[in-house]
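Asks: So that you have it, the file is upload_36.txt, and it contains compact mmCIF, C-alpha atoms and all ligand atoms:
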```
# COMPACT_ATOMS: atom_id res chain seq x y z
CA MET A 1 -31.26 31.23 -41.77
CA SER A 2 -27.60 31.55 -40.81
CA ASP A 3 -28.74 33.14 -37.51
CA PHE A 4 -30.81 30.09 -36.81
CA LYS A 5 -27.94 27.77 -37.70
CA ALA A 6 -25.76 29.69 -35.24
CA ALA A 7 -28.45 29.19 -32.60
CA VAL A 8 -28.50 25.45 -33.29
CA LEU A 9 -24.73 25.35 -32.86
CA GLN A 10 -24.95 27.30 -29.66
CA VAL A 11 -27.39 24.74 -28.30
CA ILE A 12 -25.50 21.64 -29.32
CA GLU A 13 -21.92 22.76 -28.78
CA PRO A 14 -21.94 22.98 -25.00
CA VAL A 15 -23.96 19.79 -24.63
CA THR A 16 -21.78 17.29 -22.85
CA GLN A 17 -21.02 13.70 -23.73
CA VAL A 18 -24.04 12.61 -21.75
CA THR A 19 -26.50 14.18 -24.15
CA LEU A 20 -24.34 13.40 -27.14
CA GLY A 21 -24.77 16.66 -28.92
CA SER A 22 -21.25 18.01 -28.76
CA LEU A 23 -20.33 16.84 -32.24
CA CYS A 24 -22.02 16.52 -35.55
CA LEU A 25 -20.59 16.25 -39.05
CA ASP A 26 -22.95 18.67 -40.71
CA ILE A 27 -26.03 20.78 -40.16
CA ASN A 28 -28.61 21.62 -42.77
CA VAL A 29 -31.28 24.23 -42.03
CA GLN A 30 -34.19 24.85 -44.39
CA GLU A 31 -37.46 26.70 -44.03
CA THR A 32 -40.68 25.65 -45.72
CA ALA A 33 -44.17 26.97 -45.02
CA GLY A 34 -43.27 28.53 -41.69
CA THR A 35 -41.44 25.47 -40.37
CA ILE A 36 -37.69 25.36 -39.83
CA HIS A 37 -36.30 21.92 -40.64
CA VAL A 38 -32.95 21.14 -39.09
CA THR A 39 -31.04 18.06 -40.22
CA LEU A 40 -28.02 17.10 -38.15
CA ILE A 41 -25.59 14.50 -39.44
CA PHE A 42 -23.74 12.61 -36.72
CA PRO A 43 -20.92 10.12 -37.19
CA PHE A 44 -22.77 7.58 -35.05
CA PRO A 45 -26.45 6.60 -34.73
CA ASN A 46 -28.19 9.24 -32.70
CA LYS A 47 -31.76 9.46 -33.95
CA GLY A 48 -33.07 10.23 -30.46
CA PHE A 49 -30.81 13.29 -30.18
CA TRP A 50 -33.77 15.68 -29.96
CA GLN A 51 -35.44 13.70 -27.17
CA ARG A 52 -32.18 13.79 -25.24
CA LEU A 53 -32.03 17.58 -25.18
CA ASP A 54 -33.42 19.10 -22.02
CA ASP A 55 -36.24 21.66 -21.92
CA VAL A 56 -33.87 24.63 -21.59
CA GLN A 57 -31.95 23.60 -24.70
CA LYS A 58 -35.12 23.05 -26.68
CA GLN A 59 -36.46 26.41 -25.54
CA ARG A 60 -33.35 28.16 -26.84
CA LEU A 61 -34.07 26.78 -30.28
CA TYR A 62 -37.74 27.75 -30.12
CA ASP A 63 -36.68 31.26 -29.07
CA ALA A 64 -34.28 31.50 -32.01
CA ALA A 65 -37.07 30.32 -34.33
CA ALA A 66 -39.13 33.35 -33.24
CA GLY A 67 -42.51 31.67 -33.27
CA LYS A 68 -41.90 29.36 -36.23
CA GLN A 69 -42.25 25.62 -35.90
CA VAL A 70 -38.99 23.70 -35.49
CA GLU A 71 -38.41 20.14 -36.67
CA VAL A 72 -35.13 18.44 -35.88
CA GLU A 73 -34.00 15.25 -37.54
CA ALA A 74 -30.76 13.45 -36.70
CA GLN A 75 -29.18 11.19 -39.32
CA HIS A 76 -25.88 9.39 -39.24
CA GLU A 77 -23.05 8.48 -41.54
CA SER A 78 -20.95 5.68 -40.12
CA VAL A 79 -17.25 6.04 -40.46
CA ALA A 80 -15.87 2.73 -41.75
CA THR A 81 -13.13 1.70 -39.41
CA LEU A 82 -12.45 -2.01 -39.64
CA GLY A 83 -9.52 -3.55 -41.35
CA GLU A 84 -10.63 -6.36 -43.64
CA ARG A 85 -9.09 -9.25 -41.79
CA LEU A 86 -12.04 -11.56 -42.43
CA PRO A 87 -13.83 -11.39 -45.80
CA SER A 88 -17.15 -12.12 -44.07
CA LEU A 89 -16.76 -8.86 -42.12
CA ALA A 90 -15.78 -6.76 -45.13
CA LYS A 91 -18.98 -4.70 -44.96
CA VAL A 92 -19.24 -4.57 -41.16
CA LYS A 93 -18.13 -1.19 -39.86
CA ASN A 94 -17.74 -1.93 -36.16
CA VAL A 95 -17.48 -5.09 -34.07
CA ILE A 96 -18.47 -4.55 -30.43
CA ALA A 97 -17.96 -7.24 -27.79
CA VAL A 98 -20.52 -7.17 -24.98
CA SER A 99 -18.79 -8.87 -22.11
CA SER A 100 -19.01 -9.51 -18.39
CA GLY A 101 -16.57 -10.88 -15.89
CA LYS A 102 -19.20 -12.79 -13.94
CA GLY A 103 -22.01 -15.01 -15.27
CA GLY A 104 -25.68 -14.19 -14.84
CA VAL A 105 -25.34 -10.41 -14.61
CA GLY A 106 -27.70 -9.91 -17.57
CA LYS A 107 -25.11 -9.59 -20.34
CA SER A 108 -27.20 -11.35 -23.03
CA THR A 109 -30.33 -9.46 -22.03
CA THR A 110 -28.36 -6.23 -22.31
CA ALA A 111 -26.75 -7.26 -25.62
CA VAL A 112 -30.08 -7.97 -27.37
CA ASN A 113 -31.73 -4.82 -26.07
CA LEU A 114 -28.66 -2.75 -27.01
CA ALA A 115 -28.65 -4.20 -30.52
CA LEU A 116 -32.32 -3.35 -30.97
CA ALA A 117 -31.85 0.09 -29.39
CA LEU A 118 -28.99 0.85 -31.79
CA GLN A 119 -31.30 -0.14 -34.60
CA GLN A 120 -33.94 2.29 -33.31
CA GLU A 121 -31.24 4.97 -33.24
CA GLY A 122 -30.85 4.40 -36.98
CA ALA A 123 -28.13 1.74 -37.29
CA LYS A 124 -28.06 -1.50 -39.26
CA VAL A 125 -27.17 -4.18 -36.73
CA ALA A 126 -26.01 -7.80 -36.77
CA LEU A 127 -25.73 -9.94 -33.68
CA LEU A 128 -23.43 -12.88 -32.95
CA ASP A 129 -24.04 -15.16 -30.01
CA ALA A 130 -20.49 -16.07 -28.95
CA ASP A 131 -21.73 -17.58 -25.70
CA ILE A 132 -20.82 -20.97 -27.11
CA TYR A 133 -21.48 -22.89 -23.88
CA GLY A 134 -24.81 -21.27 -23.10
CA PRO A 135 -26.34 -19.63 -26.17
CA SER A 136 -29.47 -17.72 -25.17
CA LEU A 137 -30.05 -15.32 -28.06
CA PRO A 138 -32.32 -17.64 -30.10
CA LEU A 139 -34.73 -17.82 -27.13
CA MET A 140 -34.46 -14.12 -26.28
CA LEU A 141 -35.15 -13.11 -29.87
CA GLY A 142 -37.99 -15.56 -30.40
CA CYS A 143 -36.28 -17.58 -33.15
CA GLU A 144 -35.43 -20.80 -31.32
CA GLY A 145 -35.43 -23.92 -33.47
CA GLN A 146 -34.57 -22.11 -36.70
CA THR A 147 -31.54 -23.14 -38.74
CA PRO A 148 -29.48 -20.85 -40.97
CA ALA A 149 -29.82 -21.67 -44.67
CA LEU A 150 -26.62 -22.49 -46.55
CA ALA A 151 -25.23 -20.60 -49.51
CA ASP A 152 -22.11 -20.40 -51.67
CA GLY A 153 -21.69 -24.12 -52.26
CA GLU A 154 -22.92 -24.83 -48.72
CA LYS A 155 -19.81 -23.12 -47.32
CA MET A 156 -21.55 -20.07 -45.87
CA MET A 157 -24.51 -19.58 -43.50
CA ILE A 158 -27.24 -17.03 -44.06
CA PRO A 159 -27.96 -15.57 -40.61
CA ILE A 160 -31.47 -15.68 -39.17
CA SER A 161 -33.45 -12.44 -39.60
CA THR A 162 -35.52 -11.42 -36.61
CA HIS A 163 -36.81 -8.09 -35.25
CA GLY A 164 -34.89 -6.36 -38.07
CA LEU A 165 -31.55 -7.85 -36.95
CA VAL A 166 -29.50 -10.61 -38.52
CA VAL A 167 -28.33 -13.17 -35.97
CA ASN A 168 -26.19 -16.26 -35.81
CA SER A 169 -25.67 -18.48 -32.80
CA VAL A 170 -24.30 -21.89 -32.01
CA GLY A 171 -27.79 -22.43 -30.58
CA PHE A 172 -29.10 -22.64 -34.16
CA LEU A 173 -26.57 -25.34 -35.03
CA VAL A 174 -26.31 -27.86 -32.19
CA ALA A 175 -28.36 -29.08 -29.27
CA ALA A 176 -27.68 -27.18 -26.04
CA ASP A 177 -26.14 -30.17 -24.26
CA THR A 178 -23.60 -30.75 -27.09
CA ALA A 179 -21.89 -27.38 -26.62
CA THR A 180 -21.46 -27.73 -22.89
CA VAL A 181 -18.91 -30.55 -23.26
CA TRP A 182 -16.62 -28.77 -25.75
CA ARG A 183 -13.10 -28.02 -24.60
CA GLY A 184 -11.82 -24.44 -24.85
CA PRO A 185 -10.00 -24.74 -28.21
CA MET A 186 -13.02 -26.47 -29.76
CA ALA A 187 -15.34 -23.71 -28.59
CA ALA A 188 -12.92 -21.10 -29.89
CA GLY A 189 -12.93 -22.92 -33.25
CA VAL A 190 -16.73 -22.76 -33.36
CA LEU A 191 -16.60 -19.02 -32.72
CA GLN A 192 -14.15 -18.55 -35.58
CA GLN A 193 -16.45 -20.55 -37.82
CA LEU A 194 -19.48 -18.48 -36.87
CA LEU A 195 -17.58 -15.27 -37.59
CA ARG A 196 -15.97 -16.47 -40.80
CA ASP A 197 -18.70 -18.59 -42.36
CA THR A 198 -21.68 -16.30 -41.87
CA ILE A 199 -22.79 -13.89 -44.58
CA TRP A 200 -22.98 -10.85 -42.30
CA GLY A 201 -23.54 -8.44 -45.16
CA GLU A 202 -23.65 -4.72 -44.53
CA ALA A 203 -23.89 -3.63 -40.92
CA ASP A 204 -22.96 -0.54 -38.94
CA TYR A 205 -22.41 -2.77 -35.93
CA LEU A 206 -21.86 -6.44 -35.25
CA ILE A 207 -22.72 -6.87 -31.59
CA VAL A 208 -21.05 -9.94 -30.10
CA ASP A 209 -22.60 -11.45 -26.99
CA MET A 210 -19.56 -12.94 -25.28
CA PRO A 211 -19.50 -15.79 -22.76
CA PRO A 212 -18.78 -14.64 -19.21
CA GLY A 213 -15.18 -14.60 -18.05
CA THR A 214 -11.80 -14.03 -19.60
CA GLY A 215 -10.94 -17.24 -21.43
CA ASP A 216 -10.20 -18.68 -24.87
CA ILE A 217 -13.27 -17.20 -26.55
CA GLN A 218 -12.40 -13.63 -25.59
CA LEU A 219 -8.83 -14.04 -26.78
CA THR A 220 -9.93 -15.70 -30.02
CA LEU A 221 -12.29 -12.87 -30.82
CA ALA A 222 -9.63 -10.25 -30.14
CA GLN A 223 -7.19 -12.14 -32.38
CA VAL A 224 -9.34 -13.03 -35.38
CA ALA A 225 -11.81 -10.17 -35.60
CA PRO A 226 -10.92 -6.52 -35.65
CA VAL A 227 -12.87 -5.69 -32.49
CA SER A 228 -13.63 -1.96 -32.39
CA ALA A 229 -14.44 -1.91 -28.68
CA ALA A 230 -15.72 -3.90 -25.74
CA VAL A 231 -18.41 -2.90 -23.28
CA ILE A 232 -18.54 -4.47 -19.85
CA VAL A 233 -21.85 -5.34 -18.24
CA THR A 234 -21.84 -5.66 -14.47
CA THR A 235 -24.19 -5.57 -11.51
CA PRO A 236 -23.28 -3.33 -8.58
CA GLN A 237 -22.40 -6.26 -6.30
CA THR A 238 -18.82 -6.39 -5.08
CA ILE A 239 -18.25 -9.89 -6.50
CA ALA A 240 -19.49 -8.90 -9.96
CA LEU A 241 -17.39 -5.75 -9.88
CA ALA A 242 -14.25 -7.70 -9.01
CA ASP A 243 -14.81 -9.88 -12.09
CA ALA A 244 -15.70 -6.89 -14.27
CA VAL A 245 -12.34 -5.38 -13.40
CA LYS A 246 -10.65 -8.54 -14.68
CA GLY A 247 -12.64 -8.21 -17.92
CA ILE A 248 -11.55 -4.62 -18.44
CA ALA A 249 -7.93 -5.51 -17.74
CA MET A 250 -8.04 -8.43 -20.21
CA PHE A 251 -9.40 -6.33 -23.06
CA GLN A 252 -6.86 -3.62 -22.38
CA LYS A 253 -4.10 -6.26 -22.45
CA VAL A 254 -5.12 -7.44 -25.93
CA ASP A 255 -5.45 -3.84 -27.16
CA VAL A 256 -9.23 -3.81 -27.43
CA PRO A 257 -10.46 -0.41 -26.27
CA VAL A 258 -13.13 -0.52 -23.58
CA ALA A 259 -15.90 1.89 -24.61
CA GLY A 260 -17.50 1.83 -21.17
CA VAL A 261 -19.37 0.02 -18.44
CA ILE A 262 -23.10 -0.71 -18.26
CA GLU A 263 -24.58 -1.30 -14.83
CA ASN A 264 -27.44 -3.80 -14.93
CA MET A 265 -29.87 -4.42 -12.06
CA SER A 266 -28.65 -1.08 -10.80
CA PHE A 267 -31.69 -0.35 -8.66
CA HIS A 268 -35.30 -1.38 -8.24
CA ALA A 269 -38.00 1.26 -8.61
CA CYS A 270 -41.00 0.69 -6.33
CA SER A 271 -44.08 0.19 -8.50
CA ASN A 272 -46.20 2.16 -5.99
CA CYS A 273 -44.14 5.21 -5.10
CA GLY A 274 -41.22 5.07 -7.57
CA HIS A 275 -38.66 5.01 -4.75
CA HIS A 276 -35.32 3.56 -5.87
CA ASP A 277 -33.94 0.69 -3.79
CA TYR A 278 -30.27 -0.09 -4.38
CA LEU A 279 -30.60 -3.79 -3.60
CA PHE A 280 -27.09 -4.74 -4.73
CA GLY A 281 -25.28 -1.58 -3.60
CA LYS A 282 -25.00 1.87 -5.10
CA ASP A 283 -22.68 3.32 -7.74
CA GLY A 284 -20.52 0.20 -8.09
CA GLY A 285 -20.46 0.48 -11.90
CA LYS A 286 -19.47 4.12 -11.65
CA ARG A 287 -16.64 3.30 -9.29
CA ILE A 288 -14.98 0.83 -11.66
CA ALA A 289 -15.67 3.10 -14.64
CA ASP A 290 -13.88 5.89 -12.76
CA LEU A 291 -11.08 3.57 -11.71
CA TYR A 292 -10.34 2.63 -15.33
CA ASP A 293 -11.17 6.06 -16.69
CA VAL A 294 -13.93 4.76 -18.95
CA PRO A 295 -17.48 6.11 -19.05
CA LEU A 296 -20.51 4.61 -17.34
CA LEU A 297 -22.71 4.30 -20.42
CA GLY A 298 -25.98 3.58 -18.64
CA ALA A 299 -27.70 1.96 -15.68
CA LEU A 300 -30.66 -0.39 -16.12
CA PRO A 301 -33.01 -1.16 -13.26
CA LEU A 302 -33.85 -4.60 -11.96
CA ASP A 303 -37.29 -4.82 -13.50
CA ARG A 304 -39.39 -7.89 -13.95
CA GLN A 305 -40.57 -6.61 -17.34
CA ILE A 306 -37.03 -6.84 -18.74
CA GLY A 307 -36.78 -10.51 -17.76
CA ASP A 308 -40.31 -11.39 -18.87
CA ASP A 309 -39.85 -9.74 -22.27
CA VAL A 310 -36.67 -11.66 -23.15
CA ASP A 311 -38.27 -14.87 -21.89
CA ASP A 312 -41.06 -14.19 -24.39
CA GLY A 313 -38.60 -13.67 -27.25
CA ASN A 314 -39.66 -10.05 -27.51
CA PRO A 315 -37.08 -7.80 -25.78
CA THR A 316 -38.38 -4.70 -23.98
CA VAL A 317 -36.97 -2.26 -26.56
CA VAL A 318 -39.29 -3.74 -29.21
CA ALA A 319 -42.06 -4.99 -26.90
CA GLU A 320 -42.53 -1.55 -25.33
CA PRO A 321 -40.60 0.98 -27.39
CA ASP A 322 -42.25 3.96 -25.66
CA SER A 323 -41.44 2.81 -22.13
CA LEU A 324 -38.88 4.40 -19.83
CA LEU A 325 -36.89 1.16 -19.94
CA ALA A 326 -36.64 1.31 -23.75
CA THR A 327 -35.56 4.95 -23.49
CA ILE A 328 -32.78 4.01 -21.07
CA TYR A 329 -31.59 1.29 -23.46
CA ARG A 330 -31.60 3.76 -26.40
CA ASP A 331 -29.72 6.41 -24.40
CA THR A 332 -27.20 3.75 -23.38
CA ALA A 333 -26.83 2.49 -26.97
CA ALA A 334 -26.29 6.01 -28.32
CA ALA A 335 -23.76 6.71 -25.57
CA MET A 336 -21.98 3.48 -26.49
CA ALA A 337 -21.94 4.37 -30.21
CA TYR A 338 -20.63 7.83 -29.35
CA HIS A 339 -17.82 6.51 -27.17
CA VAL A 340 -16.83 3.83 -29.70
CA TRP A 341 -16.55 6.59 -32.29
CA LEU A 342 -14.75 8.94 -29.91
CA GLY A 343 -12.21 6.24 -29.03
CA GLN A 344 -11.54 5.67 -32.72
CA GLN A 345 -10.96 9.39 -33.27
CA GLN A 346 -8.54 9.50 -30.38
CA GLN A 347 -6.56 6.64 -31.91
CA ALA A 348 -6.59 7.98 -35.46
CA ASP A 349 -6.06 11.44 -36.85
CA PRO A 350 -8.88 13.76 -35.81
CA VAL A 351 -11.61 13.98 -38.45
CA ALA A 352 -12.40 17.31 -39.99
CA ILE A 353 -15.73 18.37 -38.54
CA ASP A 354 -17.43 20.53 -41.11
CA ILE A 355 -20.02 22.74 -39.52
CA SER A 356 -19.27 25.72 -41.70
CA ASP A 357 -22.06 28.13 -42.49
CA ASP A 358 -22.83 27.29 -46.12
N1 LIG B 401 -32.41 -5.66 -15.64
C1 LIG B 401 -33.01 -6.84 -15.42
N2 LIG B 401 -34.14 -6.92 -14.68
C2 LIG B 401 -34.72 -8.11 -14.43
N3 LIG B 401 -34.26 -9.30 -14.89
C3 LIG B 401 -33.13 -9.28 -15.63
C4 LIG B 401 -32.46 -8.06 -15.95
N4 LIG B 401 -31.38 -8.37 -16.72
C5 LIG B 401 -31.39 -9.70 -16.87
N5 LIG B 401 -32.42 -10.27 -16.23
C6 LIG B 401 -32.72 -11.71 -16.10
O1 LIG B 401 -31.60 -12.30 -15.44
C7 LIG B 401 -31.33 -13.60 -15.99
C8 LIG B 401 -29.89 -13.67 -16.50
O2 LIG B 401 -29.78 -12.81 -17.63
P1 LIG B 401 -28.83 -13.13 -18.86
O3 LIG B 401 -29.05 -14.50 -19.38
O4 LIG B 401 -28.95 -11.99 -19.78
O5 LIG B 401 -27.43 -13.06 -18.10
P2 LIG B 401 -25.99 -13.40 -18.68
O6 LIG B 401 -25.07 -12.54 -17.92
O7 LIG B 401 -25.95 -13.31 -20.14
O8 LIG B 401 -25.86 -14.90 -18.25
P3 LIG B 401 -24.75 -15.98 -18.68
O9 LIG B 401 -23.60 -15.74 -17.78
O10 LIG B 401 -25.42 -17.29 -18.39
O11 LIG B 401 -24.43 -15.80 -20.12
C9 LIG B 401 -32.37 -13.82 -17.06
O12 LIG B 401 -33.42 -14.56 -16.49
C10 LIG B 401 -32.84 -12.43 -17.42
O13 LIG B 401 -34.18 -12.44 -17.86
```
Starting from the coordinates I provided, produce the structure as structure tokens.

Replies:
Amino acid sequence: MSDFKAAVLQVIEPVTQVTLGSLCLDINVQETAGTIHVTLIFPFPNKGFWQRLDDVQKQRLYDAAAGKQVEVEAQHESVATLGERLPSLAKVKNVIAVSSGKGGVGKSTTAVNLALALQQEGAKVALLDADIYGPSLPLMLGCEGQTPALADGEKMMIPISTHGLVVNSVGFLVAADTATVWRGPMAAGVLQQLLRDTIWGEADYLIVDMPPGTGDIQLTLAQVAPVSAAVIVTTPQTIALADAVKGIAMFQKVDVPVAGVIENMSFHACSNCGHHDYLFGKDGGKRIADLYDVPLLGALPLDRQIGDDVDDGNPTVVAEPDSLLATIYRDTAAAMAYHVWLGQQQQADPVAIDISDD
């Protein structure tokens, strides 16, 4: 069995960041009835690890198994990283701000699909709609019109449960036209209240869908919540990229690490021949990722299905979990989780990675 474990290590060790196999906390190999069961423990959700290996890597494992069946399961143990600045976040392990410099680039659509993709990768996920002026998560998650129940002497809100996530949004609390007239400090106050007065419970990740831009809300979040990392959603257009750059610079200024860039509406694949059209330009997201030395975590196509699914309150990742689009979202979510973790390791002392042969 130790030979097989060595073969597993040989396969996963050289795998680059892109396929997320370069690190795991532990490996367990057992054989029952002619099947070799491999359990890999990662420090971030990575359930789809096996699907992300390429054919050559898989073949190396089959070869090492010498004709036996191989089953690989990836589990994760989250490393708790947050300081306990807000009691409501005491059991939340990571807060991730999903942000964009420019409006309308698909940040909310990306945030909900990422949250659901992280869940499919094995994480427990909460979602906060911090887009105070234009909350869209209730509609996108099919729970519009619901109101959080109150608890703890009516001081705390119980978030809405939907698609396996817990969610809170100003959209559950006030009519849409009320929020649009709030001044900056008022909106920032509402965000603080949503963070502080919601029973978030246990979560590996609290994904925060930020409003576009670099204003009061972004600064408030960085000040009151221990934000683990920000991810920047952009389209490849020059104007969106210019604003995305401002977003990256702002987070870096307030000491929030940027885990990477996600390019949305990256290309359009022809439904007849599959040809990719780069309607808004090519490789823009990669260029700013390179400029700021952060990874490009993923690139989502412009696809009518993505828009239709969130309009129906049933995001693509859950509406069509076996589709290529859902796979791209899961790969992007796992890459994000990996880079959030990696950034934390670079800031703290390196963790001991135990892959000893025992
Ligand atoms: N990859 C995509 N393919 C097709 N349509 C998309 C895609 N991403 C987002 N959309 C659509 O684009 C529109 C804007 O998306 P969304 O509301 O997520 O953007 P946003 O950046 O959060 O906007 P805002 O700045 O208003 O907060 C929506 O109608 C959404 O359905």

Asks: Please identify all protein, DNA and RNA residues within 10 Å of ligand LIG 401 (chain B), counting only C-alpha atoms and all ligand atoms, and report them as a ChimeraX atom specification.

Replies: /A:98-113,129-137,140,209-213,233-235,263-268,299-312,315,325

Asks: For each of A:Gln192, A:Gln75, A:Thr238, A:Thr327, take the minimum atom-to-atom distance to Ile217 of chain A, counting only C-alpha atoms, then give the residue where this is smallest.

Replies: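 The shortest atom-to-atom distance to Ile217 of chain A comes from A:Gln192.
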
Asks: Find the distance between atom CA of Asn28 of chain A and atom CA of Gly164 of chain A and write it in Å to one decimal.

Replies: 29.1 Å

Asks: Separation of atom CA of Gln57 of chain A and atom CA of Val72 of chain A, in Å?

Replies: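 One can read the atom CA of Gln57 of chain A to atom CA of Val72 of chain A distance as 12.7 Å.
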
Asks: Can you tell me how far atom CA of Ala230 of chain A sits from atom CA of Asn94 of chain A, in Å to one decimal?

Replies: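 Distance reported for this atom pair: 10.8 Å.
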
Asks: Ranking A:Val38, A:Ala187, A:Leu114, A:Val227 by minimum distance to Gln344 of chain A and counting all atoms listed in the file, which one comes first?

Replies: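 Closest residue, counting all atoms listed in the file: A:Val227.
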
Asks: What's around Glu121 of chain A at 12 Å? Count all atoms listed in the file, leave out sequence neighbours fewer than 4 positions away in its own chain, and write the answer as a ChimeraX atom specification.

Replies: /A:42,44-52,73-76,114-117,125,204,317,321,326-327,329-338

Asks: Within 9 Å of Pro138 of chain A, counting all atoms listed in the file, which residues qualify if same-chain residues fewer than 5 places away don't, as a count of residues only?

Replies: 11

Asks: Which residue gives the smallest distance to Leu61 of chain A among A:Thr32, A:Ser88, A:Asp3, A:Ile262, with all atoms listed in the file counted?

Replies: A:Asp3

Asks: I'd like the contact shell of segment 279-282 of chain A - 6 Å cut-off, all atoms listed in the file, skipping same-chain residues fewer than 2 positions apart - returned as a count of residues only.

Replies: 4

Asks: Calculated over all atoms listed in the file, which of the candidates A:Pro87, A:Pro295, A:Gly34, A:Gly285 has the smallest distance to Ile239 of chain A?

Replies: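 The closest residue to Ile239 of chain A is A:Gly285.
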
Asks: Got a sec to check which residues sit within 10 Å of (-32.8, 19.4, -39.4), counting all atoms listed in the file, and write them as a list of chain:residue names?

Replies: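 Every residue inside that radius is included here: A:Lys5, A:Val8, A:Asp26, A:Ile27, A:Asn28, A:Val29, A:Gln30, A:Glu31, A:Ile36, A:His37, A:Val38, A:Thr39, A:Leu40, A:Ile41, A:Val70, A:Glu71, A:Val72, A:Glu73, A:Ala74, A:Gln75.
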
Asks: Ranking A:Met186, A:Leu191, A:Val258, A:Met157 by minimum distance to Tyr292 of chain A and counting all atoms listed in the file, which one comes first?

Replies: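 Under the stated criterion, the closest residue is A:Val258.
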
Asks: Name the closest residue to Gln347 of chain A among the candidates A:Ser228, A:Asn272, A:Thr316, A:Thr35; distances are taken between atoms, counting only C-alpha atoms.

Replies: A:Ser228

Asks: Do you know which residues are at most 12 Å from Ile158 of chain A counting all atoms listed in the file, after dropping those on the same chain fewer than 6 positions away, and could you put them as a ChimeraX atom specification?

Replies: /A:88,126,146-152,166-169,172,194-201
